[in-house]
file my_file_27.csv (CSV, C-alpha atoms and all ligand atoms)
chain,number,residue,atom,x,y,z
A,1248,MET,CA,6.8,-27.0,56.8
A,1249,GLU,CA,7.6,-24.5,59.5
A,1250,THR,CA,5.6,-23.4,62.6
A,1251,VAL,CA,6.0,-20.2,64.5
A,1252,ARG,CA,4.2,-19.8,67.8
A,1253,VAL,CA,2.7,-16.5,68.8
A,1254,GLU,CA,3.2,-16.5,72.6
A,1255,LEU,CA,0.2,-14.8,74.0
A,1256,GLY,CA,-0.6,-16.9,77.0
A,1257,ALA,CA,-4.2,-18.3,76.9
A,1258,ARG,CA,-4.5,-16.8,73.4
A,1259,ALA,CA,-1.3,-18.2,72.0
A,1260,TYR,CA,-1.5,-19.7,68.5
A,1261,ASP,CA,0.5,-21.3,65.7
A,1262,VAL,CA,1.4,-19.8,62.3
A,1263,VAL,CA,2.1,-22.8,60.0
A,1264,ILE,CA,4.0,-21.9,56.9
A,1265,GLY,CA,4.6,-24.1,53.8
A,1266,PRO,CA,3.2,-25.4,50.6
A,1267,ASP,CA,0.0,-27.6,50.4
A,1268,LEU,CA,-1.6,-26.3,53.5
A,1269,LEU,CA,-4.9,-25.9,51.8
A,1270,ALA,CA,-4.9,-29.6,51.2
A,1271,GLN,CA,-4.1,-30.2,54.9
A,1272,SER,CA,-6.6,-27.6,56.2
A,1273,GLY,CA,-9.0,-30.2,57.5
A,1274,ALA,CA,-6.4,-32.0,59.6
A,1275,ARG,CA,-5.0,-28.7,60.9
A,1276,ILE,CA,-8.4,-27.2,61.8
A,1277,VAL,CA,-10.3,-30.2,63.1
A,1278,PRO,CA,-8.7,-30.0,66.6
A,1279,LEU,CA,-10.3,-26.6,67.0
A,1280,LEU,CA,-13.8,-27.7,66.2
A,1281,LYS,CA,-16.7,-28.7,68.5
A,1282,ARG,CA,-18.7,-29.7,65.4
A,1283,ARG,CA,-17.5,-30.3,61.8
A,1284,ARG,CA,-18.9,-27.2,60.2
A,1285,VAL,CA,-17.2,-23.9,59.5
A,1286,ALA,CA,-18.1,-20.6,57.8
A,1287,VAL,CA,-15.6,-19.4,55.1
A,1288,VAL,CA,-15.3,-15.8,54.1
A,1289,THR,CA,-13.4,-15.0,50.9
A,1290,ASP,CA,-13.5,-12.6,48.0
A,1291,GLU,CA,-14.6,-13.3,44.4
A,1292,THR,CA,-11.0,-13.4,43.0
A,1293,VAL,CA,-9.5,-15.6,45.7
A,1294,GLY,CA,-12.6,-17.8,45.9
A,1295,ALA,CA,-12.4,-18.6,42.2
A,1296,LEU,CA,-8.7,-19.6,42.6
A,1297,HIS,CA,-8.6,-21.4,45.9
A,1298,LEU,CA,-12.0,-22.1,47.5
A,1299,GLU,CA,-12.4,-25.6,45.9
A,1300,ALA,CA,-8.9,-26.6,47.2
A,1301,LEU,CA,-9.9,-25.4,50.7
A,1302,ARG,CA,-13.3,-27.2,50.5
A,1303,ALA,CA,-11.5,-30.4,49.5
A,1304,GLY,CA,-9.0,-30.1,52.3
A,1305,LEU,CA,-11.7,-29.6,54.8
A,1306,ALA,CA,-13.7,-32.5,53.4
A,1307,THR,CA,-10.8,-34.9,54.2
A,1308,GLU,CA,-12.0,-34.5,57.8
A,1309,ASP,CA,-15.7,-34.4,56.9
A,1310,ILE,CA,-15.8,-30.7,57.7
A,1311,SER,CA,-18.6,-29.0,55.8
A,1312,ALA,CA,-18.2,-25.4,54.8
A,1313,THR,CA,-20.7,-22.7,54.2
A,1314,CYS,CA,-19.1,-19.9,52.2
A,1315,LEU,CA,-19.6,-16.2,51.5
A,1316,SER,CA,-17.7,-14.5,48.6
A,1317,LEU,CA,-17.5,-10.7,48.9
A,1318,PRO,CA,-16.3,-8.3,46.1
A,1319,ALA,CA,-12.5,-8.1,45.9
A,1320,GLY,CA,-10.9,-4.7,46.9
A,1321,GLU,CA,-10.3,-2.3,49.7
A,1322,SER,CA,-14.0,-1.0,49.6
A,1323,THR,CA,-15.1,-4.3,51.1
A,1324,LYS,CA,-13.5,-3.2,54.4
A,1325,SER,CA,-16.7,-1.2,55.1
A,1326,TRP,CA,-19.7,-0.9,57.4
A,1327,PRO,CA,-22.1,-2.3,54.7
A,1328,CYS,CA,-19.9,-5.4,54.0
A,1329,LEU,CA,-19.4,-5.9,57.8
A,1330,GLU,CA,-23.2,-5.8,58.3
A,1331,ARG,CA,-23.7,-8.2,55.4
A,1332,LEU,CA,-21.1,-10.6,56.7
A,1333,VAL,CA,-22.3,-10.6,60.3
A,1334,GLU,CA,-26.0,-11.0,59.3
A,1335,TRP,CA,-24.9,-13.9,57.0
A,1336,LEU,CA,-23.0,-15.6,59.9
A,1337,LEU,CA,-26.1,-15.3,62.1
A,1338,ALA,CA,-28.4,-16.6,59.3
A,1339,GLU,CA,-26.0,-19.5,58.9
A,1340,ARG,CA,-26.4,-20.1,62.6
A,1341,ILE,CA,-22.7,-19.8,63.4
A,1342,GLU,CA,-22.6,-20.3,67.1
A,1343,ARG,CA,-20.3,-19.2,70.0
A,1344,ASN,CA,-18.2,-22.4,69.7
A,1345,ASP,CA,-17.8,-22.4,65.9
A,1346,VAL,CA,-14.9,-21.2,63.8
A,1347,VAL,CA,-14.9,-18.6,61.0
A,1348,ILE,CA,-12.2,-19.0,58.3
A,1349,ALA,CA,-10.8,-16.0,56.5
A,1350,LEU,CA,-9.5,-17.1,53.0
A,1351,GLY,CA,-7.9,-14.1,51.3
A,1352,GLY,CA,-5.6,-11.1,51.6
A,1353,GLY,CA,-5.5,-8.4,54.1
A,1354,VAL,CA,-9.0,-7.0,53.3
A,1355,ILE,CA,-10.7,-10.3,53.9
A,1356,GLY,CA,-8.6,-11.1,57.0
A,1357,ASP,CA,-9.3,-7.7,58.6
A,1358,LEU,CA,-13.0,-7.8,57.9
A,1359,ALA,CA,-13.6,-11.4,58.8
A,1360,GLY,CA,-11.5,-11.0,61.9
A,1361,PHE,CA,-13.5,-8.0,63.0
A,1362,ALA,CA,-16.8,-9.8,62.3
A,1363,ALA,CA,-15.5,-12.8,64.4
A,1364,ALA,CA,-14.6,-10.3,67.2
A,1365,ILE,CA,-18.1,-8.9,67.5
A,1366,LEU,CA,-20.3,-11.9,66.5
A,1367,ARG,CA,-22.0,-13.2,69.7
A,1368,ARG,CA,-19.4,-11.1,71.6
A,1369,GLY,CA,-16.5,-13.1,69.9
A,1370,VAL,CA,-16.1,-16.3,68.1
A,1371,ARG,CA,-12.8,-17.9,67.1
A,1372,PHE,CA,-11.3,-17.5,63.6
A,1373,VAL,CA,-8.6,-19.0,61.4
A,1374,GLN,CA,-6.6,-16.9,59.0
A,1375,ILE,CA,-5.7,-18.5,55.6
A,1376,PRO,CA,-3.8,-15.6,54.1
A,1377,THR,CA,-3.3,-15.8,50.3
A,1378,SER,CA,-1.2,-12.7,49.6
A,1379,LEU,CA,2.4,-12.3,50.6
A,1380,LEU,CA,1.5,-9.1,52.5
A,1381,ALA,CA,-1.2,-11.0,54.5
A,1382,GLN,CA,1.1,-13.9,55.2
A,1383,VAL,CA,3.9,-11.8,56.6
A,1384,ASP,CA,1.9,-9.1,58.2
A,1385,SER,CA,-1.8,-8.6,58.4
A,1386,SER,CA,-2.8,-12.2,59.3
A,1387,VAL,CA,-0.6,-12.3,62.4
A,1388,GLY,CA,-1.1,-10.2,65.5
A,1389,GLY,CA,-4.8,-9.8,65.8
A,1390,LYS,CA,-5.4,-6.3,64.3
A,1391,THR,CA,-8.8,-6.5,62.7
A,1392,GLY,CA,-11.2,-3.8,61.4
A,1393,ILE,CA,-12.7,-1.8,58.6
A,1394,ASN,CA,-12.2,1.7,57.1
A,1395,SER,CA,-14.2,4.9,57.8
A,1396,VAL,CA,-15.2,6.5,54.5
A,1397,GLN,CA,-15.0,10.0,56.2
A,1398,ALA,CA,-12.0,9.6,58.5
A,1399,GLY,CA,-9.7,7.1,57.0
A,1400,LYS,CA,-8.3,3.5,56.9
A,1401,ASN,CA,-8.4,1.1,59.8
A,1402,LEU,CA,-10.0,3.5,62.2
A,1403,ILE,CA,-12.8,1.1,63.4
A,1404,GLY,CA,-11.7,-2.3,64.7
A,1405,ALA,CA,-10.6,-4.6,67.5
A,1406,PHE,CA,-7.7,-6.6,68.6
A,1407,HIS,CA,-8.9,-10.2,68.1
A,1408,GLN,CA,-6.2,-12.9,67.8
A,1409,PRO,CA,-6.8,-15.8,65.4
A,1410,SER,CA,-6.7,-19.3,66.8
A,1411,LEU,CA,-4.5,-20.5,63.9
A,1412,VAL,CA,-2.9,-19.1,60.8
A,1413,LEU,CA,-2.2,-21.3,57.7
A,1414,ALA,CA,0.2,-19.5,55.4
A,1415,ASP,CA,0.2,-21.7,52.3
A,1416,THR,CA,3.2,-20.6,50.3
A,1417,GLY,CA,2.0,-22.6,47.3
A,1418,VAL,CA,-0.8,-20.1,46.7
A,1419,LEU,CA,1.7,-17.2,46.3
A,1420,GLY,CA,2.3,-18.7,42.8
A,1421,THR,CA,-1.1,-17.2,41.7
A,1422,LEU,CA,-0.1,-13.6,42.6
A,1423,THR,CA,0.9,-11.1,39.9
A,1424,GLU,CA,4.5,-10.0,40.1
A,1425,ARG,CA,3.3,-6.6,41.2
A,1426,ASP,CA,1.3,-8.0,44.1
A,1427,TYR,CA,4.1,-10.3,45.2
A,1428,LEU,CA,6.6,-7.4,45.2
A,1429,ALA,CA,4.2,-5.1,47.0
A,1430,GLY,CA,4.0,-7.8,49.8
A,1431,TYR,CA,7.8,-7.9,49.7
A,1432,GLY,CA,7.8,-4.3,50.8
A,1433,GLU,CA,6.6,-5.6,54.2
A,1434,VAL,CA,9.2,-8.4,54.2
A,1435,VAL,CA,12.2,-6.1,53.6
A,1436,LYS,CA,10.8,-3.9,56.4
A,1437,TYR,CA,11.5,-6.6,59.0
A,1438,GLY,CA,15.2,-6.8,58.0
A,1439,LEU,CA,15.4,-3.0,58.1
A,1440,LEU,CA,13.7,-2.6,61.5
A,1441,GLY,CA,15.4,-5.3,63.5
A,1442,ASP,CA,17.5,-8.0,61.7
A,1443,HIS,CA,20.5,-7.0,59.6
A,1444,VAL,CA,21.4,-10.6,59.0
A,1445,PHE,CA,18.0,-11.2,57.5
A,1446,PHE,CA,18.5,-8.1,55.3
A,1447,GLN,CA,21.8,-9.6,54.1
A,1448,TRP,CA,20.0,-12.8,53.4
A,1449,LEU,CA,17.4,-10.9,51.4
A,1450,GLU,CA,20.1,-9.1,49.4
A,1451,LYS,CA,21.3,-12.5,48.3
A,1452,ASN,CA,18.2,-14.6,48.1
A,1453,ALA,CA,15.1,-12.4,47.7
A,1454,SER,CA,15.3,-12.5,43.8
A,1455,ARG,CA,15.3,-16.3,44.0
A,1456,ALA,CA,12.2,-16.3,46.2
A,1457,ALA,CA,10.5,-13.8,43.9
A,1458,ALA,CA,11.3,-16.1,40.9
A,1459,GLY,CA,9.4,-18.9,42.7
A,1460,ASP,CA,12.0,-20.9,44.7
A,1461,MET,CA,9.8,-22.5,47.4
A,1462,ALA,CA,12.5,-23.1,50.0
A,1463,ALA,CA,13.5,-19.4,49.8
A,1464,ARG,CA,9.8,-18.3,50.0
A,1465,VAL,CA,9.2,-20.4,53.1
A,1466,HIS,CA,12.3,-19.0,54.8
A,1467,LEU,CA,11.3,-15.4,53.9
A,1468,VAL,CA,7.8,-15.8,55.2
A,1469,LYS,CA,9.0,-17.7,58.3
A,1470,ARG,CA,11.6,-15.1,59.4
A,1471,SER,CA,9.1,-12.3,58.8
A,1472,VAL,CA,6.5,-14.0,60.9
A,1473,GLU,CA,9.0,-14.9,63.6
A,1474,MET,CA,9.9,-11.2,63.9
A,1475,LYS,CA,6.3,-10.1,64.0
A,1476,ALA,CA,5.3,-12.8,66.5
A,1477,GLY,CA,8.1,-11.7,68.8
A,1478,ILE,CA,7.1,-8.1,68.7
A,1479,VAL,CA,3.4,-8.9,69.1
A,1480,ALA,CA,4.1,-11.2,72.1
A,1481,ARG,CA,6.0,-8.4,73.8
A,1482,ASP,CA,3.6,-5.6,72.9
A,1483,GLU,CA,0.2,-6.9,71.7
A,1484,THR,CA,-1.7,-3.6,71.8
A,1485,GLU,CA,1.0,-1.3,70.5
A,1486,GLN,CA,2.0,0.6,73.7
A,1487,GLY,CA,5.6,0.7,72.5
A,1488,GLU,CA,7.7,-1.7,70.5
A,1489,ARG,CA,4.9,-2.8,68.1
A,1490,ALA,CA,5.1,0.7,66.6
A,1491,LEU,CA,8.4,-0.4,64.9
A,1492,LEU,CA,6.2,-2.4,62.5
A,1493,ASN,CA,5.1,1.0,61.1
A,1494,LEU,CA,8.6,1.7,59.6
A,1495,GLY,CA,7.9,3.6,56.4
A,1496,HIS,CA,4.1,3.7,57.1
A,1497,THR,CA,3.7,7.4,58.1
A,1498,PHE,CA,5.1,8.4,54.6
A,1499,CYS,CA,3.2,5.5,53.0
A,1500,HIS,CA,-0.2,6.5,54.4
A,1501,ALA,CA,0.3,10.1,53.1
A,1502,PHE,CA,1.1,8.8,49.6
A,1503,GLU,CA,-1.8,6.4,49.7
A,1504,ALA,CA,-4.2,9.2,50.7
A,1505,ALA,CA,-2.6,11.5,48.1
A,1506,THR,CA,-3.3,9.0,45.3
A,1507,GLY,CA,-6.8,8.4,46.5
A,1508,TYR,CA,-6.1,4.8,47.6
A,1509,ASP,CA,-6.0,3.9,44.0
A,1510,GLY,CA,-4.2,0.6,43.8
A,1511,ALA,CA,-3.5,1.2,40.1
A,1512,ARG,CA,-1.2,4.1,41.1
A,1513,LEU,CA,0.1,2.8,44.4
A,1514,LEU,CA,-0.3,-0.4,46.4
A,1515,HIS,CA,0.2,-0.4,50.2
A,1516,GLY,CA,3.4,-2.4,50.1
A,1517,GLU,CA,4.8,-0.2,47.4
A,1518,GLY,CA,4.2,2.8,49.6
A,1519,VAL,CA,5.9,1.0,52.5
A,1520,ALA,CA,9.0,0.4,50.4
A,1521,ILE,CA,9.2,4.1,49.3
A,1522,GLY,CA,8.5,5.1,52.9
A,1523,CYS,CA,11.3,2.9,54.2
A,1524,ALA,CA,13.7,4.4,51.8
A,1525,LEU,CA,12.6,7.9,53.0
A,1526,ALA,CA,12.9,7.0,56.6
A,1527,PHE,CA,16.5,5.9,56.1
A,1528,GLU,CA,17.2,9.0,54.1
A,1529,LEU,CA,15.8,11.1,56.9
A,1530,SER,CA,17.8,9.2,59.5
A,1531,ALA,CA,21.0,9.9,57.5
A,1532,ARG,CA,20.1,13.6,57.1
A,1533,LEU,CA,19.5,13.9,60.9
A,1534,GLY,CA,23.0,12.4,61.5
A,1535,LEU,CA,21.5,9.2,63.0
A,1536,CYS,CA,23.0,6.8,60.5
A,1537,SER,CA,25.6,6.9,57.8
A,1538,GLN,CA,24.7,7.9,54.2
A,1539,GLU,CA,25.7,4.3,53.1
A,1540,GLU,CA,22.6,2.9,54.9
A,1541,PRO,CA,19.9,4.6,52.7
A,1542,SER,CA,22.0,3.9,49.6
A,1543,ARG,CA,22.0,0.2,50.5
A,1544,VAL,CA,18.3,0.2,51.1
A,1545,ARG,CA,17.6,1.9,47.8
A,1546,ALA,CA,20.0,-0.4,45.9
A,1547,HIS,CA,18.2,-3.5,47.2
A,1548,LEU,CA,14.8,-2.1,46.4
A,1549,ARG,CA,16.0,-1.3,42.8
A,1550,ASP,CA,17.5,-4.8,42.5
A,1551,MET,CA,14.1,-6.1,43.3
A,1552,LYS,CA,12.6,-3.8,40.6
A,1553,MET,CA,10.4,-2.2,43.2
A,1554,LYS,CA,9.2,1.4,43.5
A,1555,VAL,CA,11.8,3.4,45.4
A,1556,ASP,CA,11.1,7.1,44.7
A,1557,LEU,CA,8.2,9.4,44.4
A,1558,ALA,CA,9.1,9.5,40.7
A,1559,ASP,CA,7.9,5.9,40.5
A,1560,ILE,CA,4.3,7.0,41.4
A,1561,LYS,CA,2.6,8.0,38.2
A,1562,GLY,CA,0.4,11.1,37.9
A,1563,ASP,CA,0.2,14.3,40.0
A,1564,LEU,CA,1.1,14.5,43.7
A,1565,PRO,CA,0.4,17.3,46.0
A,1566,ASP,CA,3.2,19.6,47.3
A,1567,ALA,CA,5.3,19.0,50.4
A,1568,ASP,CA,3.0,21.1,52.6
A,1569,ALA,CA,0.0,19.0,51.6
A,1570,LEU,CA,1.9,15.7,52.1
A,1571,LEU,CA,3.0,16.8,55.5
A,1572,GLN,CA,-0.6,17.6,56.4
A,1573,LEU,CA,-1.6,14.1,55.3
A,1574,MET,CA,1.2,12.7,57.4
A,1575,ALA,CA,-0.2,14.6,60.4
A,1576,GLN,CA,-3.6,12.9,59.9
A,1577,ASP,CA,-2.1,9.4,60.4
A,1578,LYS,CA,-3.8,7.5,63.2
A,1579,LYS,CA,-0.4,6.9,64.9
A,1580,VAL,CA,-0.3,10.6,65.8
A,1581,VAL,CA,-0.1,10.9,69.7
A,1582,ASP,CA,-1.0,14.1,71.4
A,1583,GLY,CA,-0.7,15.9,68.1
A,1584,GLN,CA,2.9,14.7,67.8
A,1585,LEU,CA,4.0,12.9,64.6
A,1586,ARG,CA,5.8,9.7,65.5
A,1587,PHE,CA,8.5,8.5,63.2
A,1588,ILE,CA,10.4,5.2,63.0
A,1589,LEU,CA,14.0,6.1,62.3
A,1590,ALA,CA,17.2,4.0,62.3
A,1591,HIS,CA,20.7,4.0,63.6
A,1592,ARG,CA,21.6,1.4,60.9
A,1593,ILE,CA,20.0,-1.4,58.9
A,1594,GLY,CA,18.4,-3.7,61.5
A,1595,ALA,CA,18.3,-1.0,64.3
A,1596,ALA,CA,15.2,1.1,64.1
A,1597,PHE,CA,13.6,3.1,66.9
A,1598,VAL,CA,10.5,5.2,67.6
A,1599,THR,CA,10.7,8.9,68.1
A,1600,SER,CA,8.5,11.9,68.3
A,1601,GLU,CA,11.4,14.3,68.2
A,1602,VAL,CA,11.8,14.9,64.5
A,1603,PRO,CA,12.1,18.5,63.3
A,1604,LEU,CA,9.3,19.0,60.8
A,1605,ASP,CA,11.3,21.3,58.7
A,1606,ALA,CA,13.7,18.4,58.0
A,1607,VAL,CA,10.8,16.2,56.9
A,1608,HIS,CA,9.5,19.1,54.8
A,1609,ARG,CA,12.9,19.5,53.1
A,1610,LEU,CA,13.1,15.8,52.5
A,1611,LEU,CA,9.7,15.8,50.8
A,1612,VAL,CA,10.6,18.9,48.7
A,1613,ASP,CA,13.7,17.2,47.5
A,1614,ALA,CA,11.9,13.9,46.8
A,1615,LEU,CA,9.2,15.8,44.8
A,1616,ASN,CA,11.8,17.9,42.9
A,1617,ALA,CA,13.6,14.7,41.9
A,1618,ARG,CA,10.5,13.7,40.0
A,1619,GLY,CA,11.5,16.4,37.5
B,1701,LIG,N1,0.7,-4.1,60.6
B,1701,LIG,C1,1.3,-3.5,61.8
B,1701,LIG,C2,0.8,-4.3,63.0
B,1701,LIG,O1,0.2,-5.3,62.9
B,1701,LIG,O2,1.1,-3.8,64.1
call {"tool": "encode", "arguments": {"input": "my_file_27.csv", "output": "structure tokens"}}
result
Amino acid sequence: METVRVELGARAYDVVIGPDLLAQSGARIVPLLKRRRVAVVTDETVGALHLEALRAGLATEDISATCLSLPAGESTKSWPCLERLVEWLLAERIERNDVVIALGGGVIGDLAGFAAAILRRGVRFVQIPTSLLAQVDSSVGGKTGINSVQAGKNLIGAFHQPSLVLADTGVLGTLTERDYLAGYGEVVKYGLLGDHVFFQWLEKNASRAAAGDMAARVHLVKRSVEMKAGIVARDETEQGERALLNLGHTFCHAFEAATGYDGARLLHGEGVAIGCALAFELSARLGLCSQEEPSRVRAHLRDMKMKVDLADIKGDLPDADALLQLMAQDKKVVDGQLRFILAHRIGAAFVTSEVPLDAVHRLLVDALNARG
């Protein structure tokens, strides 16, 4: 069992990482409670797999749980589901001192966290992330919110830090290989953006972790969370350094929009992996890093049997002009300037607004042409 502290003063909290945390949930959560009653939000898929284990864990400390199971999928991050959830929490008489538990992936964590942020002007919440992506990224750092149908993803929300995160690495065993590898896109991102030793470790050990080795999985989640916790502690509201966590994301958001957010074609973490490969290729083309760096990134992603190129996205894609337009709609645009995360080498990324758009355009044209 590993614990990473997110140092945020009065709002500091622990991320506990290891197997069997669902069974220990009662003992871990009870110190937070004023009364032994919690509200659990989950989705139908995760609920069917893990809700009973959570209930049993809570029952060891006589904590009763009232539970709402929402439909699985990105469309749950919406105004109608937020309204349904908040009204349910009020009907269940969840009070200012109670705790809401989010049991699920990024969608449930973001939605339940936002509901907790606005319910009675803010109640505490606990994240129990069940996907690799949620364990290494979305459950840590307090970004919560929903999507706008008109304007795009994650445009409505609040910073609201959880009081505790329980990342049960045992539940990763129920993920499909594709979902696990999509989450791995965010893991590799941490090595690429700030820790070349971790990247080297991943080159050697990530296949073992993907095959189910628990010690390797715990280390991989722990190192990712440590990196995210450090960045969040230094820059909670993304005034500067936190933007590094968006390595590969400006490309990714364009590809997600271009594929209509259709998970059958492209999952977020897959887009992040392709985006990271492109960010390194762009860095090399701009003379910021040697050509060996993007080659090494791509080789590792290939070794992991991940999507690496635009050719790995099935079906039609728009042309380079349209993709560039979609990149310009990214919410990270500041004063109309596209911000990129580029790198001097693996483990040394930086934020810049000074990227010639014709270089990005050429990169996209070449990437699209390589699809044949
Ligand atoms: N997922 C990026 C962040 O939390 O800042």
call {"tool": "residues_around", "arguments": {"input": "my_file_27.csv", "residues": "stretch 1412-1418 of chain A", "least_positions_apart": "4", "cutoff": "8 Å", "atoms": "only C-alpha atoms", "output": "list of chain:residue names"}}
result
A:Tyr1260, A:Asp1261, A:Val1262, A:Val1263, A:Ile1264, A:Gly1265, A:Pro1266, A:Asp1267, A:Leu1268, A:Leu1269, A:Ser1272, A:His1297, A:Val1373, A:Gln1374, A:Ile1375, A:Pro1376, A:Thr1377, A:Ser1378, A:Gln1382, A:Ser1386, A:Val1387, A:Leu1422, A:Met1461, A:Arg1464, A:Val1465
call {"tool": "closest_residue", "arguments": {"input": "my_file_27.csv", "among": "A:Asp1309, A:Asp1357, A:Asp1509, A:Asp1559", "to": "A:Asn1401", "atoms": "only C-alpha atoms"}}
result
A:Asp1357
call {"tool": "closest_atom_pairs", "arguments": {"input": "my_file_27.csv", "of": "chain A", "to": "ligand LIG 1701 (chain B)", "cutoff": "8 Å", "atoms": "only C-alpha atoms and all ligand atoms", "output": "tab-separated table"}}
result
residue	atom	partner	partner_atom	distance
A:Asp1384	CA	B:LIG1701	N1	5.7
A:Ser1385	CA	B:LIG1701	N1	5.6
A:Val1387	CA	B:LIG1701	O1	7.1
A:Gly1388	CA	B:LIG1701	O1	5.7
A:Gly1389	CA	B:LIG1701	O1	7.3
A:Lys1390	CA	B:LIG1701	O1	5.9
A:Lys1475	CA	B:LIG1701	O1	7.8
A:Val1479	CA	B:LIG1701	O2	7.5
A:Glu1485	CA	B:LIG1701	O2	6.9
A:Arg1489	CA	B:LIG1701	O2	5.6
A:Ala1490	CA	B:LIG1701	O2	6.5
A:Leu1492	CA	B:LIG1701	C1	5.1
A:Asn1493	CA	B:LIG1701	C1	5.9
call {"tool": "closest_residue", "arguments": {"input": "my_file_27.csv", "among": "A:Ser1410, A:Thr1391, A:Thr1421, A:Gln1397", "to": "A:Pro1278", "atoms": "all atoms listed in the file"}}
result
A:Ser1410
call {"tool": "residues_around", "arguments": {"input": "my_file_27.csv", "residues": "stretch 1333-1348 of chain A", "least_positions_apart": "4", "cutoff": "9 Å", "atoms": "all atoms listed in the file", "output": "NGL selection string"}}
result
:A and (1279-1289 or 1313 or 1315 or 1328-1329 or 1356 or 1359-1360 or 1362-1363 or 1365-1375 or 1410)
call {"tool": "atom_distance", "arguments": {"input": "my_file_27.csv", "atom1": "atom CA of A:Gly1351", "atom2": "atom CA of A:Thr1323"}}
result
12.2 Å
